[in-house]
Amino acid sequence: MAVEAMLDELRKRLKGEHLLLADVSDARVAFTVTGPSAREVLAKGTPVDLAPGKFEPGVFCRTRIGQVPVAFWMTEDSEFRLLCFRSLERFVHRWLATAADSGSFPRFL
């Protein structure tokens with residue numbers, strides 16, 4: 001059901017009740033991280049154990065990546081969906097692009 005239709009339906013059903021309805025569907029943005037190194041890209045910025053056998057398709061977590069709040073889950077092998085606040089979209093996009101860049105693996109001194 002479309003958001004506006006759902007809000008209209010709720011208004012009708014709750015007529016006479018004190019309520020506040022707001023469409024917040026644009027509050028977050030979604031990214032898809034896919035490829036053979038998807039785990040490694042995300043592992044660069046999150047404390048979640050993404051090792052095979054520990055984090056598998058269907059597992060969902062709320063955590064941080066690059067020190068900003070995110071949620072992500074594994075949709076299938078080598079594919080993750082990531083959600084963050086829309087206000088952080090640019091930062092998270094740049095962070096993911098940098099983390100996915102070849103040669104961006106951590107260096108130890």
# chains A, B, ... in the order shown; residues from 1 in each chain; ligands from 1

$ select_by_dssp --residues "chain A" --states "alpha helix (DSSP H)" --output "ChimeraX atom specification"
/A:3-13,38-43,89-100

$ write_last_selection --atoms "C-alpha atoms" --output "mmCIF file, in the first residue's frame"
data_model
loop_
_atom_site.group_PDB
_atom_site.id
_atom_site.type_symbol
_atom_site.label_atom_id
_atom_site.label_comp_id
_atom_site.auth_asym_id
_atom_site.auth_seq_id
_atom_site.Cartn_x
_atom_site.Cartn_y
_atom_site.Cartn_z
ATOM 1 C CA VAL A 3 2.228 5.714 1.998
ATOM 2 C CA GLU A 4 -0.403 8.368 1.266
ATOM 3 C CA ALA A 5 -3.120 5.719 0.905
ATOM 4 C CA MET A 6 -2.051 4.160 4.207
ATOM 5 C CA LEU A 7 -2.113 7.531 5.967
ATOM 6 C CA ASP A 8 -5.580 8.243 4.572
ATOM 7 C CA GLU A 9 -6.819 4.842 5.735
ATOM 8 C CA LEU A 10 -5.425 5.422 9.232
ATOM 9 C CA ARG A 11 -7.034 8.873 9.388
ATOM 10 C CA LYS A 12 -10.407 7.356 8.479
ATOM 11 C CA ARG A 13 -10.132 4.507 10.997
ATOM 12 C CA ALA A 38 31.719 -7.006 0.104
ATOM 13 C CA ARG A 39 32.453 -8.491 3.537
ATOM 14 C CA GLU A 40 35.927 -7.010 3.598
ATOM 15 C CA VAL A 41 34.694 -3.560 2.559
ATOM 16 C CA LEU A 42 32.188 -3.409 5.403
ATOM 17 C CA ALA A 43 34.599 -5.015 7.869
ATOM 18 C CA GLU A 89 24.199 9.700 2.583
ATOM 19 C CA ARG A 90 27.120 11.621 1.103
ATOM 20 C CA PHE A 91 29.517 10.617 3.883
ATOM 21 C CA VAL A 92 28.533 6.929 3.757
ATOM 22 C CA HIS A 93 28.746 6.891 -0.047
ATOM 23 C CA ARG A 94 32.264 8.345 0.057
ATOM 24 C CA TRP A 95 33.261 6.010 2.882
ATOM 25 C CA LEU A 96 32.057 2.944 0.957
ATOM 26 C CA ALA A 97 33.769 4.109 -2.247
ATOM 27 C CA THR A 98 37.057 4.631 -0.419
ATOM 28 C CA ALA A 99 36.792 1.316 1.437
ATOM 29 C CA ALA A 100 36.067 -0.494 -1.851
#

$ closest_residue --among "A:Lys15, A:Arg81, A:Gly66, A:Ala30" --to "Pro47 in chain A" --atoms "only C-alpha atoms"
A:Gly66

$ residues_around --residues "range 67-73 of chain A" --least-positions-apart "6" --cutoff "7 Å" --atoms "only C-alpha atoms" --output "list of chain:residue names"
A:Gly58, A:Val59, A:Phe60, A:Cys61, A:Phe80, A:Arg81, A:Leu82, A:Leu83, A:Cys84
